[in-house]
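Before any comments, here is the structure.
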Protein chains: 2
Amino acid sequence: MPQLSWFTEAYALSGSSVGFRTERLLHAEKTRFQNIEIYQTTDWGNLMVIDGCIMLTGRDNFLYHEMMSHPALFTHARAKRVVIIGGGDCGTLREVLRHDEVESATQVEIDERVTRLAEKHFPELCEANSDPRAELLFDDGIKYMADCAPGSVDVVIVDSTDPVGPAEGLFNAAFYASCFRALRQGGILVQQSESPIAHLHLIKSMRGEMSKAGFGALRTLTFPQPCYPTGWWSCTMARKGADLTEFRERGAAAKTFPTRYYNVEIHRAALAQPEFMRGLD
Amino acid sequence: MPQLSWFTEAYALSGSSVGFRTERLLHAEKTRFQNIEIYQTTDWGNLMVIDGCIMLTGRDNFLYHEMMSHPALFTHARAKRVVIIGGGDCGTLREVLRHDEVESATQVEIDERVTRLAEKHFPELCEANSDPRAELLFDDGIKYMADCAPGSVDVVIVDSTDPVGPAEGLFNAAFYASCFRALRQGGILVQQSESPIAHLHLIKSMRGEMSKAGFGALRTLTFPQPCYPTGWWSCTMARKGADLTEFRERGAAAKTFPTRYYNVEIHRAALAQPEFMRGLD
């Protein structure tokens, strides 16, 4: 019988913690970029931890991955070309490729080991990796976006770690300016934007930087995510040109693929602004 | 300088934990019914713990208290008489009394010490305790509802601890039958119904018992609540007679009191059913 233990992540900045009961450590390694650990939990499937921060569990990642992809793709009229920055566990890529209109999706993850470990320990998230429309690059996302041909991309999804350490450069106007240039008119940038209740200042700061980079319309969507600080998370969408008040409701209602959280009502729900967040939009 | 520590609640049933960084223990006592501790935290205001379970923090209780009261009161056509079972911290009572149409609100908390400690350590939640419409009783809520005059109440709010220990009797058809009888036609019962992702079986069970007791319409609403397991919580509404698909949107939009989470959009958002919860309604 395995000896049960707990992996707990204590967030110094928010003064709160989240933990999961673990059965055993499946893998630990120090890569060129970071420390990665994989645990088997008692109730949440496998758990990936990077530099002490919980990245995902097998049980609740569907919330995040669906909300990082479907709202943006059902807002864009027809996203043919999608770029994912980060997202090494491949869960966002899988959700993006559920959309028939997507002709190519490039995932630019800096640390190949994240993907290799996801293939082994979260194989369900990597189901779409061999899709002919998928391209997996292991490279610097900041450089990739800076080098992108102008007006060549429909949706950029920034599925990164927190804005400290390696991902810090993904949260400023210089990076957003690269995304803006790479996007076609009407294109959408969507980025995870931390906890509405713990990190509202960060959401405001990101939105300010996105505006500086030229994005004309911004929306912050909220959704539950138990494994992240406070259990409540957000993503922020920014559009090149057009507005962000509408989405393709009929398309979303007629979606031909399964989801576990996302649907038309949930999309609308995610757009609702709590009173304390008013003034952001 | 105080010595920082963490209060962590590990949920055996869900295999997950939530914690807060504390500066000091402000109070601890064993009452006739339970153990109560109050901590001062670094980032979340004061924290109340009962029998090792986190009850509320000063910073995030507005989510729960607003969602336990305003959706039910803006669904009922005109709730004159409200009964709160449990709710000893008085936060739900405060929100209920923000509604001018409420002529009386009775809070039936079994443990008077919860309320006395809330008055001291969460005074903002007790602001309405001296409202002439408020009645604070310290008694058994199960007995109170069983003895209620038939057809005398418009809204019953069950703001209790988890369905183990003292609150167990608040989650079965016998209690719901008392509520049903006490409610006027069109009356609403609303009860906290735990985490959608960790306790879906419990939500199903509660709904089954509510139906058995005669309630004709049920809706489960979801909302974020960082201090509870998984950070994602729910309440379930049950109506005597009429349906639960509509609420007084114009009334909610024209509300004359402040909220920090609740508004018309958030009310609609809470009604959205994630794909994995479909089939409940």
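Numbering starts fresh at 1 for the residues of each chain in the structure tokens, the chains themselves are lettered A, B, ... in the order given, and ligands are numbered from 1 as they appear.
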
TODO: Kindly determine which residues of chain B lie within 8 Å of chain A, considering only C-alpha atoms, and give the answer as a count of residues only.
DONE: 36

TODO: Skip Phe215 (chain A) itself and residues of its chain fewer than 4 positions away, then list as a VMD selection string all residues within 12 Å of it, counting only C-alpha atoms.
DONE: chain A and resid 173 176 to 181 183 to 190 206 to 211 219 236 to 244

- [ ] Using DSSP on the backbone coordinates, identify all residues within region 5-221 of chain A classified as strand (DSSP E); present the result as a ChimeraX atom specification.
- [x] /A:5-11,16-30,35-41,46-50,53-57,81-86,104-109,134-138,153-159,183-192,217-221

- [ ] Write down as a PyMOL selection string the residues belonging to region 131-252 of chain B that are assigned helix (DSSP H, G or I) by DSSP computed on the backbone.
- [x] chain B and resi 141-147+165-170+173-182+200-212+229-231+249-252

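Proximity ranking of B:Phe171, B:Phe257, B:Phe33, B:Phe247 relative to Val114 (chain B) places B:Phe33 first, based on only C-alpha atoms.
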
Quick one: contact table of region 80-151 of chain A to region 157-160 of chain A, 9 Å max, nearest atom pair and distance in Å to one decimal per residue, counting only C-alpha atoms, chain and number order, as JSON lines?
```
{"residue": "A:Val82", "atom": "CA", "partner": "A:Ile157", "partner_atom": "CA", "distance": 7.6}
{"residue": "A:Val83", "atom": "CA", "partner": "A:Ile157", "partner_atom": "CA", "distance": 6.2}
{"residue": "A:Ile84", "atom": "CA", "partner": "A:Ile157", "partner_atom": "CA", "distance": 4.7}
{"residue": "A:Ile85", "atom": "CA", "partner": "A:Val158", "partner_atom": "CA", "distance": 4.8}
{"residue": "A:Gly86", "atom": "CA", "partner": "A:Ser160", "partner_atom": "CA", "distance": 5.0}
{"residue": "A:Gly87", "atom": "CA", "partner": "A:Asp159", "partner_atom": "CA", "distance": 4.9}
{"residue": "A:Gly88", "atom": "CA", "partner": "A:Asp159", "partner_atom": "CA", "distance": 8.5}
{"residue": "A:Thr92", "atom": "CA", "partner": "A:Asp159", "partner_atom": "CA", "distance": 7.8}
{"residue": "A:Glu109", "atom": "CA", "partner": "A:Ser160", "partner_atom": "CA", "distance": 9.0}
```

- [ ] List the neighbours of Arg250 (chain B) out to 10 Å using only C-alpha atoms; skip same-chain residues closer than 4 positions along the sequence, and give me the result as a PyMOL selection string.
- [x] chain B and resi 74+254-255+264

Residues just named, written with C-alpha atoms as a short mmCIF file (atom, residue, chain, number, x, y, z; two decimals), in the first residue's frame:
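Output below, filename again-v4.cif:
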```
data_model
loop_
_atom_site.label_atom_id
_atom_site.label_comp_id
_atom_site.auth_asym_id
_atom_site.auth_seq_id
_atom_site.Cartn_x
_atom_site.Cartn_y
_atom_site.Cartn_z
CA PHE B 74 -34.69 38.16 -7.21
CA ALA B 254 -32.42 48.31 -10.72
CA LYS B 255 -31.23 47.08 -7.31
CA VAL B 264 -27.87 40.53 -13.48
#
```

Task: Coordinates-based distance that separates CA of Asn61 (chain B) from CA of Thr161 (chain A) (Å, one decimal) - done: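 Interatomic distance, CA of Thr161 (chain A) to CA of Asn61 (chain B): 28.2 Å.
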
Task: Between CA of Ser104 (chain B) and CA of Arg81 (chain B), distance in Å (one decimal) - done: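 Calculated distance between CA of Ser104 (chain B) and CA of Arg81 (chain B) is 5.1 Å.
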
Task: Atomic distance CA of Cys148 (chain A) - CA of Glu135 (chain A), expressed in Å with one decimal - done: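 Separating CA of Cys148 (chain A) from CA of Glu135 (chain A) is a distance of 14.7 Å.
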
Using only C-alpha atoms, I'd like a table of the residues in region 73-94 of chain B that come within 8 Å of region 123-129 of chain B; for each, show the closest atom pair and its distance in Å rounded to one decimal, ordered by chain and ascending number, as CSV.
```
residue,atom,partner,partner_atom,distance
B:Asp89,CA,B:Leu125,CA,6.8
B:Cys90,CA,B:Cys126,CA,5.5
B:Gly91,CA,B:Leu125,CA,4.6
B:Leu93,CA,B:Ala128,CA,7.2
B:Arg94,CA,B:Ala128,CA,5.1
```

Open item on the list: List the spatial neighbours of His99 (chain A) as a ChimeraX atom specification - criterion: any atom at most 10 Å away, only C-alpha atoms, same-chain residues fewer than 2 positions off excluded.
Closed with: /A:69-70,73-74,78-80,94-97,101-103,255-257
